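Participant: So I've got this file, structure.pdb, and it contains PDB, C-alpha atoms:
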```pdb
ATOM      1  CA  MET A   6       0.000   0.000   0.000  1.00  0.00           C
ATOM      2  CA  LEU A   7       2.809   2.386   0.869  1.00  0.00           C
ATOM      3  CA  ARG A   8       4.431   1.937  -2.525  1.00  0.00           C
ATOM      4  CA  LYS A   9       1.106   2.777  -4.211  1.00  0.00           C
ATOM      5  CA  ILE A  10       0.932   5.962  -2.147  1.00  0.00           C
ATOM      6  CA  ILE A  11       4.432   6.898  -3.277  1.00  0.00           C
ATOM      7  CA  ILE A  12       3.857   6.055  -6.953  1.00  0.00           C
ATOM      8  CA  LEU A  13       0.704   8.188  -7.324  1.00  0.00           C
ATOM      9  CA  PRO A  14       2.551  11.534  -7.079  1.00  0.00           C
ATOM     10  CA  LEU A  15       5.019  10.234  -9.665  1.00  0.00           C
ATOM     11  CA  LEU A  16       2.180   9.866 -12.169  1.00  0.00           C
ATOM     12  CA  ILE A  17       1.006  13.376 -11.307  1.00  0.00           C
ATOM     13  CA  THR A  18       4.581  14.597 -11.715  1.00  0.00           C
ATOM     14  CA  LEU A  19       4.885  13.051 -15.161  1.00  0.00           C
ATOM     15  CA  LEU A  20       1.645  14.710 -16.251  1.00  0.00           C
ATOM     16  CA  ALA A  21       2.845  18.035 -14.866  1.00  0.00           C
ATOM     17  CA  PHE A  22       6.168  17.581 -16.627  1.00  0.00           C
ATOM     18  CA  GLY A  23       4.342  17.526 -19.923  1.00  0.00           C
ATOM     19  CA  ALA A  24       3.000  20.976 -19.062  1.00  0.00           C
ATOM     20  CA  GLY A  25       6.479  22.253 -18.195  1.00  0.00           C
ATOM     21  CA  LYS A  26       5.836  22.351 -14.442  1.00  0.00           C
ATOM     22  CA  GLY A  27       7.427  19.099 -13.240  1.00  0.00           C
ATOM     23  CA  LEU A  28       8.587  18.408  -9.711  1.00  0.00           C
ATOM     24  CA  GLU A  29      12.187  18.937 -10.818  1.00  0.00           C
ATOM     25  CA  TYR A  30      11.348  22.629 -11.419  1.00  0.00           C
ATOM     26  CA  THR A  31       8.823  23.348  -8.654  1.00  0.00           C
ATOM     27  CA  GLY A  32      11.035  21.519  -6.151  1.00  0.00           C
ATOM     28  CA  VAL A  33      10.520  19.952  -2.728  1.00  0.00           C
ATOM     29  CA  ASN A  34      10.866  21.945   0.487  1.00  0.00           C
ATOM     30  CA  VAL A  35      13.048  19.716   2.672  1.00  0.00           C
ATOM     31  CA  LYS A  36      13.460  20.039   6.438  1.00  0.00           C
ATOM     32  CA  MET A  37      17.000  19.537   7.763  1.00  0.00           C
ATOM     33  CA  THR A  38      18.216  19.233  11.358  1.00  0.00           C
ATOM     34  CA  ASP A  39      21.919  19.735  12.157  1.00  0.00           C
ATOM     35  CA  ASP A  40      23.987  18.216  14.988  1.00  0.00           C
ATOM     36  CA  GLN A  41      22.931  21.029  17.338  1.00  0.00           C
ATOM     37  CA  GLY A  42      19.250  20.445  16.645  1.00  0.00           C
ATOM     38  CA  LYS A  43      18.857  23.583  14.518  1.00  0.00           C
ATOM     39  CA  VAL A  44      16.142  23.150  11.916  1.00  0.00           C
ATOM     40  CA  SER A  45      16.411  24.709   8.463  1.00  0.00           C
ATOM     41  CA  HIS A  46      14.516  24.350   5.201  1.00  0.00           C
ATOM     42  CA  VAL A  47      16.022  23.883   1.737  1.00  0.00           C
ATOM     43  CA  LEU A  48      14.178  23.967  -1.591  1.00  0.00           C
ATOM     44  CA  VAL A  49      15.522  20.992  -3.528  1.00  0.00           C
ATOM     45  CA  LYS A  50      15.056  21.283  -7.274  1.00  0.00           C
ATOM     46  CA  ARG A  51      16.835  21.380 -10.608  1.00  0.00           C
ATOM     47  CA  GLU A  52      18.898  24.575 -10.552  1.00  0.00           C
ATOM     48  CA  ILE A  53      19.239  26.032 -14.051  1.00  0.00           C
ATOM     49  CA  PRO A  54      21.033  29.400 -14.408  1.00  0.00           C
ATOM     50  CA  GLU A  55      19.267  31.863 -16.702  1.00  0.00           C
ATOM     51  CA  VAL A  56      22.180  31.876 -19.152  1.00  0.00           C
ATOM     52  CA  CYS A  57      21.782  28.124 -19.633  1.00  0.00           C
ATOM     53  CA  LYS A  58      18.178  28.431 -20.766  1.00  0.00           C
ATOM     54  CA  LYS A  59      19.455  30.112 -23.932  1.00  0.00           C
ATOM     55  CA  VAL A  60      21.684  27.185 -24.951  1.00  0.00           C
ATOM     56  CA  PRO A  61      20.057  25.349 -27.883  1.00  0.00           C
ATOM     57  CA  ILE A  62      19.546  21.593 -27.531  1.00  0.00           C
ATOM     58  CA  ASP A  63      21.298  20.200 -30.590  1.00  0.00           C
ATOM     59  CA  ASN A  64      24.180  17.873 -31.452  1.00  0.00           C
ATOM     60  CA  ASP A  65      26.648  20.678 -32.012  1.00  0.00           C
ATOM     61  CA  MET A  66      26.130  22.230 -28.568  1.00  0.00           C
ATOM     62  CA  VAL A  67      25.587  19.108 -26.476  1.00  0.00           C
ATOM     63  CA  TRP A  68      28.032  16.545 -27.881  1.00  0.00           C
ATOM     64  CA  THR A  69      30.917  18.521 -29.454  1.00  0.00           C
ATOM     65  CA  GLY A  70      34.387  17.518 -28.240  1.00  0.00           C
ATOM     66  CA  ASN A  71      34.250  16.404 -24.607  1.00  0.00           C
ATOM     67  CA  TYR A  72      30.432  16.574 -24.669  1.00  0.00           C
ATOM     68  CA  ALA A  73      29.938  20.359 -24.423  1.00  0.00           C
ATOM     69  CA  ASN A  74      30.704  22.911 -27.131  1.00  0.00           C
ATOM     70  CA  ALA A  75      33.270  25.523 -26.122  1.00  0.00           C
ATOM     71  CA  LYS A  76      30.554  28.139 -26.585  1.00  0.00           C
ATOM     72  CA  VAL A  77      28.433  26.643 -23.798  1.00  0.00           C
ATOM     73  CA  PRO A  78      28.823  28.753 -20.591  1.00  0.00           C
ATOM     74  CA  GLU A  79      30.679  27.028 -17.745  1.00  0.00           C
ATOM     75  CA  ALA A  80      27.623  27.444 -15.513  1.00  0.00           C
ATOM     76  CA  CYS A  81      25.741  25.039 -17.786  1.00  0.00           C
ATOM     77  CA  LYS A  82      28.243  22.162 -17.640  1.00  0.00           C
ATOM     78  CA  SER A  83      28.569  19.319 -15.147  1.00  0.00           C
ATOM     79  CA  THR A  84      31.928  17.564 -15.178  1.00  0.00           C
ATOM     80  CA  TYR A  85      32.999  14.570 -13.109  1.00  0.00           C
ATOM     81  CA  VAL A  86      35.441  11.687 -12.979  1.00  0.00           C
ATOM     82  CA  HIS A  87      34.023   8.824 -15.044  1.00  0.00           C
ATOM     83  CA  THR A  88      36.879   6.320 -14.769  1.00  0.00           C
ATOM     84  CA  THR A  89      36.542   5.207 -11.145  1.00  0.00           C
ATOM     85  CA  GLY A  90      34.791   2.264  -9.506  1.00  0.00           C
ATOM     86  CA  HIS A  91      32.851  -0.466 -11.312  1.00  0.00           C
ATOM     87  CA  LEU A  92      29.530  -0.088 -13.117  1.00  0.00           C
ATOM     88  CA  LEU A  93      26.641  -1.701 -11.293  1.00  0.00           C
ATOM     89  CA  PRO A  94      23.533  -3.447 -12.627  1.00  0.00           C
ATOM     90  CA  VAL A  95      20.241  -1.578 -12.795  1.00  0.00           C
ATOM     91  CA  GLN A  96      18.471  -4.090 -10.544  1.00  0.00           C
ATOM     92  CA  LEU A  97      20.068  -5.439  -7.361  1.00  0.00           C
ATOM     93  CA  HIS A  98      17.169  -7.569  -6.155  1.00  0.00           C
ATOM     94  CA  GLU A  99      13.790  -8.544  -7.566  1.00  0.00           C
ATOM     95  CA  ASP A 100      11.956  -6.812  -4.705  1.00  0.00           C
ATOM     96  CA  ILE A 101      14.102  -3.656  -4.622  1.00  0.00           C
ATOM     97  CA  ASP A 102      13.095  -0.749  -6.856  1.00  0.00           C
ATOM     98  CA  THR A 103      15.805   1.263  -8.585  1.00  0.00           C
ATOM     99  CA  TYR A 104      15.072   4.983  -8.522  1.00  0.00           C
ATOM    100  CA  GLY A 105      15.916   7.904 -10.775  1.00  0.00           C
ATOM    101  CA  GLU A 106      15.923  11.583  -9.816  1.00  0.00           C
ATOM    102  CA  LEU A 107      12.150  12.124 -10.104  1.00  0.00           C
ATOM    103  CA  GLU A 108      11.399   9.096  -7.943  1.00  0.00           C
ATOM    104  CA  VAL A 109      13.851  10.373  -5.319  1.00  0.00           C
ATOM    105  CA  LEU A 110      12.194  13.794  -5.363  1.00  0.00           C
ATOM    106  CA  ALA A 111       8.745  12.233  -4.964  1.00  0.00           C
ATOM    107  CA  PHE A 112      10.065  10.089  -2.101  1.00  0.00           C
ATOM    108  CA  MET A 113      11.530  13.196  -0.434  1.00  0.00           C
ATOM    109  CA  LYS A 114       8.239  15.030  -0.833  1.00  0.00           C
ATOM    110  CA  HIS A 115       6.375  12.289   1.053  1.00  0.00           C
ATOM    111  CA  MET A 116       9.199  12.040   3.564  1.00  0.00           C
ATOM    112  CA  GLN A 117       8.475  15.575   4.801  1.00  0.00           C
ATOM    113  CA  LYS A 118       5.140  14.419   6.225  1.00  0.00           C
ATOM    114  CA  ASP A 119       5.790  10.720   6.807  1.00  0.00           C
ATOM    115  CA  SER A 120       8.407   9.803   9.426  1.00  0.00           C
ATOM    116  CA  SER A 121       8.414   6.188   8.259  1.00  0.00           C
ATOM    117  CA  LEU A 122      10.404   7.208   5.159  1.00  0.00           C
ATOM    118  CA  LEU A 123      14.161   7.803   5.264  1.00  0.00           C
ATOM    119  CA  LEU A 124      16.590   8.943   2.569  1.00  0.00           C
ATOM    120  CA  ILE A 125      19.915   7.318   3.503  1.00  0.00           C
ATOM    121  CA  ASP A 126      23.407   8.439   2.455  1.00  0.00           C
ATOM    122  CA  GLY A 127      25.408   5.244   2.921  1.00  0.00           C
ATOM    123  CA  ARG A 128      28.860   6.734   2.278  1.00  0.00           C
ATOM    124  CA  LYS A 129      31.685   7.232   4.737  1.00  0.00           C
ATOM    125  CA  GLU A 130      31.765  10.407   6.825  1.00  0.00           C
ATOM    126  CA  SER A 131      34.164  12.472   4.698  1.00  0.00           C
ATOM    127  CA  TRP A 132      31.941  12.084   1.638  1.00  0.00           C
ATOM    128  CA  PHE A 133      28.758  12.938   3.530  1.00  0.00           C
ATOM    129  CA  ASN A 134      30.292  16.009   5.206  1.00  0.00           C
ATOM    130  CA  TYR A 135      31.616  17.346   1.916  1.00  0.00           C
ATOM    131  CA  ARG A 136      28.315  17.194   0.039  1.00  0.00           C
ATOM    132  CA  THR A 137      25.046  15.298   0.169  1.00  0.00           C
ATOM    133  CA  ILE A 138      21.378  15.544  -0.800  1.00  0.00           C
ATOM    134  CA  PRO A 139      19.501  17.857   1.610  1.00  0.00           C
ATOM    135  CA  GLY A 140      17.449  15.891   4.107  1.00  0.00           C
ATOM    136  CA  ALA A 141      19.513  12.712   3.815  1.00  0.00           C
ATOM    137  CA  ILE A 142      20.336  10.770   6.994  1.00  0.00           C
ATOM    138  CA  HIS A 143      23.908   9.551   7.314  1.00  0.00           C
ATOM    139  CA  ILE A 144      24.453   5.869   8.091  1.00  0.00           C
ATOM    140  CA  PRO A 145      27.905   4.721   6.884  1.00  0.00           C
ATOM    141  CA  PHE A 146      27.659   1.401   5.080  1.00  0.00           C
ATOM    142  CA  HIS A 147      30.539  -0.182   6.996  1.00  0.00           C
ATOM    143  CA  HIS A 148      28.703   0.245  10.308  1.00  0.00           C
ATOM    144  CA  LEU A 149      26.270  -2.367   8.990  1.00  0.00           C
ATOM    145  CA  LYS A 150      28.640  -4.425   6.862  1.00  0.00           C
ATOM    146  CA  GLU A 151      31.180  -4.742   9.698  1.00  0.00           C
ATOM    147  CA  LYS A 152      28.673  -4.852  12.556  1.00  0.00           C
ATOM    148  CA  ASP A 153      30.927  -6.897  14.849  1.00  0.00           C
ATOM    149  CA  ALA A 154      33.627  -4.209  14.670  1.00  0.00           C
ATOM    150  CA  PHE A 155      31.121  -1.355  15.109  1.00  0.00           C
ATOM    151  CA  GLU A 156      28.708  -2.724  17.702  1.00  0.00           C
ATOM    152  CA  PHE A 157      27.605   0.648  19.130  1.00  0.00           C
ATOM    153  CA  GLU A 158      27.223   2.246  15.689  1.00  0.00           C
ATOM    154  CA  PHE A 159      25.337  -0.805  14.424  1.00  0.00           C
ATOM    155  CA  ASP A 160      22.894  -0.703  17.335  1.00  0.00           C
ATOM    156  CA  THR A 161      22.411   3.052  16.811  1.00  0.00           C
ATOM    157  CA  ALA A 162      21.685   2.466  13.130  1.00  0.00           C
ATOM    158  CA  LEU A 163      19.050  -0.129  14.008  1.00  0.00           C
ATOM    159  CA  VAL A 164      17.280   2.401  16.251  1.00  0.00           C
ATOM    160  CA  ILE A 165      17.285   4.976  13.431  1.00  0.00           C
ATOM    161  CA  LEU A 166      15.930   2.388  11.005  1.00  0.00           C
ATOM    162  CA  GLY A 167      13.148   1.354  13.382  1.00  0.00           C
ATOM    163  CA  VAL A 168      14.476  -2.155  13.960  1.00  0.00           C
ATOM    164  CA  SER A 169      14.172  -3.674  17.457  1.00  0.00           C
ATOM    165  CA  MET A 170      15.331  -6.891  19.103  1.00  0.00           C
ATOM    166  CA  ASP A 171      12.964  -9.555  20.415  1.00  0.00           C
ATOM    167  CA  ALA A 172      13.555 -11.499  23.635  1.00  0.00           C
ATOM    168  CA  ASP A 173      15.140 -14.329  21.626  1.00  0.00           C
ATOM    169  CA  LYS A 174      17.682 -11.840  20.150  1.00  0.00           C
ATOM    170  CA  SER A 175      16.070 -11.960  16.714  1.00  0.00           C
ATOM    171  CA  TYR A 176      15.492  -8.765  14.739  1.00  0.00           C
ATOM    172  CA  ASN A 177      11.993  -7.304  14.685  1.00  0.00           C
ATOM    173  CA  PHE A 178      11.133  -5.396  11.506  1.00  0.00           C
ATOM    174  CA  LYS A 179       7.487  -4.574  12.242  1.00  0.00           C
ATOM    175  CA  LYS A 180       8.313  -0.852  12.553  1.00  0.00           C
ATOM    176  CA  ALA A 181      11.193  -0.814  10.072  1.00  0.00           C
ATOM    177  CA  LYS A 182      11.432   2.366   7.981  1.00  0.00           C
ATOM    178  CA  THR A 183      10.980   2.500   4.223  1.00  0.00           C
ATOM    179  CA  LEU A 184      14.360   3.488   2.774  1.00  0.00           C
ATOM    180  CA  THR A 185      15.900   5.025  -0.314  1.00  0.00           C
ATOM    181  CA  ILE A 186      19.669   4.480  -0.239  1.00  0.00           C
ATOM    182  CA  PHE A 187      22.380   6.127  -2.360  1.00  0.00           C
ATOM    183  CA  CYS A 188      26.128   6.726  -2.524  1.00  0.00           C
ATOM    184  CA  ASN A 189      28.476   8.366  -5.070  1.00  0.00           C
ATOM    185  CA  GLY A 190      27.181   7.147  -8.406  1.00  0.00           C
ATOM    186  CA  PRO A 191      26.419   4.177 -10.686  1.00  0.00           C
ATOM    187  CA  TRP A 192      30.008   3.017 -10.119  1.00  0.00           C
ATOM    188  CA  CYS A 193      29.905   3.260  -6.287  1.00  0.00           C
ATOM    189  CA  SER A 194      29.493   0.059  -4.266  1.00  0.00           C
ATOM    190  CA  GLN A 195      28.982   1.639  -0.822  1.00  0.00           C
ATOM    191  CA  SER A 196      25.184   1.732  -1.094  1.00  0.00           C
ATOM    192  CA  VAL A 197      25.220  -1.791  -2.526  1.00  0.00           C
ATOM    193  CA  ALA A 198      27.255  -3.025   0.450  1.00  0.00           C
ATOM    194  CA  MET A 199      24.751  -1.374   2.795  1.00  0.00           C
ATOM    195  CA  ILE A 200      21.765  -2.952   1.059  1.00  0.00           C
ATOM    196  CA  LYS A 201      23.399  -6.386   1.128  1.00  0.00           C
ATOM    197  CA  ALA A 202      24.153  -5.973   4.849  1.00  0.00           C
ATOM    198  CA  LEU A 203      20.521  -5.028   5.525  1.00  0.00           C
ATOM    199  CA  LEU A 204      19.222  -8.006   3.573  1.00  0.00           C
ATOM    200  CA  ALA A 205      21.652 -10.268   5.458  1.00  0.00           C
ATOM    201  CA  ILE A 206      19.982  -9.445   8.784  1.00  0.00           C
ATOM    202  CA  GLY A 207      16.526  -9.940   7.288  1.00  0.00           C
ATOM    203  CA  TYR A 208      15.500  -6.351   6.499  1.00  0.00           C
ATOM    204  CA  PRO A 209      12.423  -6.510   4.217  1.00  0.00           C
ATOM    205  CA  ALA A 210      13.563  -5.983   0.621  1.00  0.00           C
ATOM    206  CA  GLU A 211      10.209  -4.380  -0.248  1.00  0.00           C
ATOM    207  CA  LYS A 212      11.058  -1.572   2.186  1.00  0.00           C
ATOM    208  CA  ILE A 213      14.285  -0.705   0.355  1.00  0.00           C
ATOM    209  CA  SER A 214      14.756   1.354  -2.801  1.00  0.00           C
ATOM    210  CA  TRP A 215      18.095   2.153  -4.439  1.00  0.00           C
ATOM    211  CA  TYR A 216      19.077   5.433  -6.086  1.00  0.00           C
ATOM    212  CA  ARG A 217      21.700   3.968  -8.407  1.00  0.00           C
ATOM    213  CA  GLY A 218      22.759   7.295  -9.932  1.00  0.00           C
ATOM    214  CA  GLY A 219      23.753   8.724  -6.554  1.00  0.00           C
ATOM    215  CA  MET A 220      25.598  12.013  -6.190  1.00  0.00           C
ATOM    216  CA  GLN A 221      27.120  11.874  -9.677  1.00  0.00           C
ATOM    217  CA  ASN A 222      23.786  11.757 -11.487  1.00  0.00           C
ATOM    218  CA  TRP A 223      22.201  14.137  -8.960  1.00  0.00           C
ATOM    219  CA  LEU A 224      24.869  16.761  -9.673  1.00  0.00           C
ATOM    220  CA  ALA A 225      24.900  16.078 -13.401  1.00  0.00           C
ATOM    221  CA  ALA A 226      21.170  16.837 -13.450  1.00  0.00           C
ATOM    222  CA  GLY A 227      21.800  20.182 -11.722  1.00  0.00           C
ATOM    223  CA  MET A 228      19.995  19.226  -8.514  1.00  0.00           C
ATOM    224  CA  THR A 229      20.300  21.066  -5.177  1.00  0.00           C
ATOM    225  CA  THR A 230      22.909  19.758  -2.725  1.00  0.00           C
ATOM    226  CA  THR A 231      24.259  20.900   0.645  1.00  0.00           C
ATOM    227  CA  ARG A 232      27.197  22.591  -1.124  1.00  0.00           C
ATOM    228  CA  LYS A 233      27.047  25.167  -3.902  1.00  0.00           C
TER     229      LYS A 233
END
```
Kindly present the structure from the file in structure tokens form.
Facilitator:
Amino acid sequence: MLRKIIILPLLITLLAFGAGKGLEYTGVNVKMTDDQGKVSHVLVKREIPEVCKKVPIDNDMVWTGNYANAKVPEACKSTYVHTTGHLLPVQLHEDIDTYGELEVLAFMKHMQKDSSLLLIDGRKESWFNYRTIPGAIHIPFHHLKEKDAFEFEFDTALVILGVSMDADKSYNFKKAKTLTIFCNGPWCSQSVAMIKALLAIGYPAEKISWYRGGMQNWLAAGMTTTRK
């Protein structure tokens, strides 16, 4: 039922996109809480500088040379390292949905009024602190993958995820959160390692979604992050 609730706004978004008013342009107002408990709000959307709106969409401008014509303003280009890591499959598990940017935005929109949804940045601390998607919760993948070496962090992560322990020491997932997990990009295995670790302890696959594109695709699409 929850997935149907999440999918409905996606259909509305696609219809709105046809009218030029998609969620990527109207944005999602995301609530963020820092380490000191200070609450702030960030409008997460596709950020397109005015000068970029004048760039024609044609082969000459988009694909010339190293993808962008020299005449295209720097503000309109997204560049990144594309030779690192290993490319990952589109589907990790038959019960785990793979999300794109619009699905993540729709998930974030529902997350603002539904505490059972969590957007998880599964990268290590230095990556998260440098830049992430506004509203994302940080749970480093290795705290779950190497749970015996990080007992306190693992237990803390379980509390955040809504997982409890029964009297027989088995995991109880009745109140487990519905998650969307990401890391650096389609070549980054940190989110994959986190998902595998969650599945290994019995976390319901139907409560996990994977944003395969991660920070690389998010930035390439011109989306809002915690760093300009």
Participant: List the spatial neighbours of A:Met228 as a PyMOL selection string - criterion: any atom at most 12 Å away, only C-alpha atoms, same-chain residues fewer than 4 positions off excluded.
Facilitator: chain A and resi 28-33+47-54+83+106-107+109-110+137-139+219-224+232-233
Participant: On this file, the PyMOL selection byres ((chain A and resi 192) around 10) gives some set of residues; write that set as a list in words.
Facilitator: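 Residues picked by the PyMOL selection byres ((chain A and resi 192) around 10): His87, Thr88, Thr89, Gly90, His91, Leu92, Leu93, Pro94, Cys188, Asn189, Gly190, Pro191, Cys193, Ser194, Gln195, Arg217, Gly218, Gly219 and Gln221 of chain A.
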Participant: Between A:Ala210, A:Asn134, A:Leu124, A:Thr229, which one has atoms that come closest to A:Ile186, using only C-alpha atoms?
Facilitator: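 Using only C-alpha atoms, A:Ile186 sits closest to A:Leu124.
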Participant: In Å, how far is it from atom CA of A:Val67 to atom CA of A:Glu79?
Facilitator: 12.8 Å
Participant: Return as a Markdown table the residues of stretch 87-197 of chain A lying at most 8 Å from stretch 205-208 of chain A, together with the closest atom-to-atom pair for each and the distance in Å to one decimal, counting only C-alpha atoms, with rows in chain order and ascending residue number.
Facilitator:
```
| residue | atom | partner | partner_atom | distance |
| --- | --- | --- | --- | --- |
| A:Tyr176 | CA | A:Ile206 | CA | 7.5 |
| A:Phe178 | CA | A:Tyr208 | CA | 6.7 |
| A:Ala181 | CA | A:Tyr208 | CA | 7.9 |
```
Participant: Go ahead and compute the interatomic distance for atom CA of A:Glu151 and atom CA of A:Gly105, in Å to one decimal.
Facilitator: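 Between atom CA of A:Glu151 and atom CA of A:Gly105 the gap is 28.5 Å.
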